[in-house]
Amino acid sequence: MPIKKRPVAAIVTEYRRHSHADVIVSKLLEGYLHDFKEYPSIELVSLYTDQTPKNDLSRQLARKYGFRLSPTIADAITLGSDRIAVDGVLLIGEHGKYPTNAKGQILYPRRRFMEETCKVFRQYKKSVPIFNDKHLSAEWQDAKWMYDTTRELYIPM
């Protein structure tokens with residue numbers, strides 16, 4: 001008997017060839033080896049893309065695979081409903097054009113992604129697991145806030 005796949009939302013900075021979104025999310029769409037044979041037991045049902053460069057793949061892939069392109073993070077998590085409609089959230093904050101700090105580190109919107117995700121969790125008084133790609137943040141106070149918030153809201157991460 002086939003296992004029912006758990007629905008997940010992906011929140012990404014950009015989705016282009018060889019980006020972290022491509023490396024991670026494409027395995028949900030095309031299988032572990034991109035050969036359409038062996039898949040994870042989760043299914044991409046929505047995607048929020050923060051930036052869409054000229055070589056963006058998200059729109060093309062949404063048409064091909066039928067997942068929802070969400071205009072906001074909240075929409076990706078609720079699927080436009082009045083509840084949390086996914087069993088997990090992938091936060092992939094790598095790549096794109098973002099400001100840098102005094103050390104020259106790119107300030108990807110990882111904390112903003114987490115804040116908007118947690119705002120939905122608070123609104124509906126429910127949390128689901130979060131997968132956070134890479135490190136939490138280039139800024140200590142943001143990483144600490146993200147850690148503390150996962151503890152406060154009992155978010156598996």
# chains A, B, ... in the order shown; residues from 1 in each chain; ligands from 1
>>> residues_around(residues="Thr78 of chain A", least_positions_apart="3", cutoff="12 Å", atoms="only C-alpha atoms", output="ChimeraX atom specification")
/A:7-9,45-48,68,70-75,81-89,117,119-121,123-124,126,128
>>> residues_around(residues="Ser19 of chain A", least_positions_apart="4", cutoff="12 Å", atoms="only C-alpha atoms", output="list in words")
Val12, Thr13, Glu14, Tyr15, Val23, Ile24, Val25, Ser26, Pro53, Asn55, Asp56, Leu57, Ser58, Ile92, Gly93, Glu94, His95, Gly96 and Asp133 of chain A
>>> write_last_selection(atoms="C-alpha atoms", output="PDB file, in the first residue's frame")
ATOM      1  CA  VAL A  12      12.646  30.296  -0.985  1.00  0.00           C
ATOM      2  CA  THR A  13      14.706  33.351  -1.899  1.00  0.00           C
ATOM      3  CA  GLU A  14      14.867  32.307  -5.560  1.00  0.00           C
ATOM      4  CA  TYR A  15      14.381  29.166  -7.605  1.00  0.00           C
ATOM      5  CA  VAL A  23      18.811  21.122  -5.292  1.00  0.00           C
ATOM      6  CA  ILE A  24      16.329  20.503  -2.461  1.00  0.00           C
ATOM      7  CA  VAL A  25      12.827  21.106  -3.828  1.00  0.00           C
ATOM      8  CA  SER A  26      13.416  19.472  -7.205  1.00  0.00           C
ATOM      9  CA  PRO A  53      15.384  36.450 -11.650  1.00  0.00           C
ATOM     10  CA  ASN A  55      16.260  32.438 -15.150  1.00  0.00           C
ATOM     11  CA  ASP A  56      13.531  31.670 -12.573  1.00  0.00           C
ATOM     12  CA  LEU A  57      12.166  28.127 -12.700  1.00  0.00           C
ATOM     13  CA  SER A  58       9.317  28.382 -10.189  1.00  0.00           C
ATOM     14  CA  ILE A  92      15.535  28.043   1.912  1.00  0.00           C
ATOM     15  CA  GLY A  93      17.244  31.413   2.180  1.00  0.00           C
ATOM     16  CA  GLU A  94      20.247  31.252  -0.118  1.00  0.00           C
ATOM     17  CA  HIS A  95      20.915  33.117  -3.395  1.00  0.00           C
ATOM     18  CA  GLY A  96      19.404  36.329  -4.664  1.00  0.00           C
ATOM     19  CA  ASP A 133      18.523  25.203   4.924  1.00  0.00           C
TER      20      ASP A 133
END
>>> select_by_dssp(residues="chain A", states="helix (DSSP H, G or I)", output="count of residues only")
53
>>> residues_around(residues="Ala143 of chain A", least_positions_apart="2", cutoff="12 Å", atoms="only C-alpha atoms", output="PyMOL selection string")
chain A and resi 107+109-112+114-115+132+134-141+145-150
>>> write_last_selection(atoms="N, CA, C and O atoms", output="short mmCIF file (atom, residue, chain, number, x, y, z; two decimals), in the first residue's frame")
data_model
loop_
_atom_site.label_atom_id
_atom_site.label_comp_id
_atom_site.auth_asym_id
_atom_site.auth_seq_id
_atom_site.Cartn_x
_atom_site.Cartn_y
_atom_site.Cartn_z
N LEU A 107 22.88 39.33 3.68
CA LEU A 107 21.80 39.24 4.69
C LEU A 107 20.54 38.66 4.04
O LEU A 107 19.57 39.37 3.75
N PRO A 109 17.02 36.84 3.79
CA PRO A 109 15.87 37.12 4.66
C PRO A 109 15.42 35.92 5.49
O PRO A 109 14.22 35.67 5.65
N ARG A 110 16.35 35.18 6.06
CA ARG A 110 16.00 33.98 6.81
C ARG A 110 15.15 34.32 8.03
O ARG A 110 14.19 33.62 8.34
N ARG A 111 15.52 35.38 8.77
CA ARG A 111 14.71 35.74 9.93
C ARG A 111 13.32 36.19 9.48
O ARG A 111 12.32 35.82 10.09
N ARG A 112 13.23 36.99 8.44
CA ARG A 112 11.91 37.43 7.96
C ARG A 112 11.07 36.23 7.56
O ARG A 112 9.87 36.15 7.89
N MET A 114 11.25 33.27 8.77
CA MET A 114 10.86 32.63 10.03
C MET A 114 9.79 33.45 10.75
O MET A 114 8.82 32.89 11.27
N GLU A 115 9.95 34.77 10.79
CA GLU A 115 8.95 35.62 11.46
C GLU A 115 7.58 35.47 10.82
O GLU A 115 6.57 35.34 11.52
N ASN A 132 15.17 24.24 7.96
CA ASN A 132 15.88 25.47 7.63
C ASN A 132 17.20 25.12 6.94
O ASN A 132 18.08 24.55 7.57
N LYS A 134 20.82 25.64 5.44
CA LYS A 134 22.00 26.43 5.81
C LYS A 134 21.97 26.82 7.28
O LYS A 134 21.24 26.28 8.07
N HIS A 135 22.74 27.85 7.62
CA HIS A 135 22.77 28.36 8.99
C HIS A 135 21.56 29.28 9.19
O HIS A 135 20.90 29.66 8.23
N LEU A 136 21.28 29.64 10.43
CA LEU A 136 20.10 30.45 10.72
C LEU A 136 20.23 31.87 10.20
O LEU A 136 19.30 32.42 9.63
N SER A 137 21.39 32.50 10.45
CA SER A 137 21.56 33.89 10.04
C SER A 137 23.03 34.29 10.13
O SER A 137 23.79 33.69 10.88
N ALA A 138 23.38 35.33 9.40
CA ALA A 138 24.73 35.91 9.52
C ALA A 138 24.82 36.80 10.76
O ALA A 138 25.91 37.13 11.20
N GLU A 139 23.68 37.17 11.31
CA GLU A 139 23.62 38.06 12.47
C GLU A 139 23.22 37.25 13.71
O GLU A 139 22.19 36.58 13.72
N TRP A 140 24.05 37.34 14.76
CA TRP A 140 23.83 36.57 15.98
C TRP A 140 22.44 36.80 16.56
O TRP A 140 21.73 35.84 16.91
N GLN A 141 22.01 38.07 16.67
CA GLN A 141 20.73 38.34 17.32
C GLN A 141 19.56 37.72 16.54
O GLN A 141 18.58 37.28 17.14
N TRP A 145 17.17 34.79 18.02
CA TRP A 145 15.72 34.98 18.00
C TRP A 145 15.05 33.76 17.35
O TRP A 145 14.05 33.25 17.86
N MET A 146 15.61 33.28 16.25
CA MET A 146 15.04 32.13 15.57
C MET A 146 15.06 30.89 16.46
O MET A 146 14.06 30.18 16.57
N TYR A 147 16.17 30.66 17.11
CA TYR A 147 16.27 29.53 18.03
C TYR A 147 15.27 29.66 19.17
O TYR A 147 14.52 28.72 19.47
N ASP A 148 15.26 30.82 19.82
CA ASP A 148 14.36 31.03 20.96
C ASP A 148 12.90 30.86 20.55
O ASP A 148 12.09 30.31 21.30
N THR A 149 12.56 31.33 19.36
CA THR A 149 11.17 31.24 18.90
C THR A 149 10.77 29.79 18.64
O THR A 149 9.63 29.40 18.95
N THR A 150 11.68 28.99 18.10
CA THR A 150 11.34 27.58 17.90
C THR A 150 11.08 26.90 19.25
O THR A 150 10.19 26.05 19.35
#
>>> closest_residue(among="A:Tyr65, A:Phe113, A:Phe131, A:Tyr39", to="Ile155 of chain A", atoms="only C-alpha atoms")
A:Phe131
>>> residues_around(residues="Lys5 of chain A", least_positions_apart="5", cutoff="8 Å", atoms="only C-alpha atoms", output="list in words")
Ser41, Ile42 and Glu43 of chain A
>>> write_last_selection(atoms="N, CA and C atoms", output="PDB file, in the first residue's frame")
ATOM      1  N   SER A  41       8.723  11.021   1.191  1.00  0.00           N
ATOM      2  CA  SER A  41       7.310  10.842   1.559  1.00  0.00           C
ATOM      3  C   SER A  41       6.639  12.182   1.860  1.00  0.00           C
ATOM      4  N   ILE A  42       7.164  13.240   1.275  1.00  0.00           N
ATOM      5  CA  ILE A  42       6.533  14.562   1.375  1.00  0.00           C
ATOM      6  C   ILE A  42       6.289  15.091  -0.032  1.00  0.00           C
ATOM      7  N   GLU A  43       5.289  15.979  -0.145  1.00  0.00           N
ATOM      8  CA  GLU A  43       4.893  16.502  -1.447  1.00  0.00           C
ATOM      9  C   GLU A  43       4.832  18.027  -1.386  1.00  0.00           C
TER      10      GLU A  43
END
>>> select_by_dssp(residues="chain A", states="strand (DSSP E)", output="list in words")
Arg6, Pro7, Val8, Ala9, Ala10, Ile11, Val12, Ile42, Glu43, Leu44, Val45, Ser46, Leu47, Tyr48, Thr49, Arg68, Leu69, Gly88, Val89, Leu90, Leu91, Ile92, Ile130, Phe131 and Asn132 of chain A
>>> closest_residue(among="A:Glu152, A:Phe36, A:Ala76, A:Lys144", to="Arg122 of chain A", atoms="only C-alpha atoms")
A:Glu152
>>> atom_distance(atom1="atom CA of Leu90 of chain A", atom2="atom CA of Pro129 of chain A")
8.7 Å
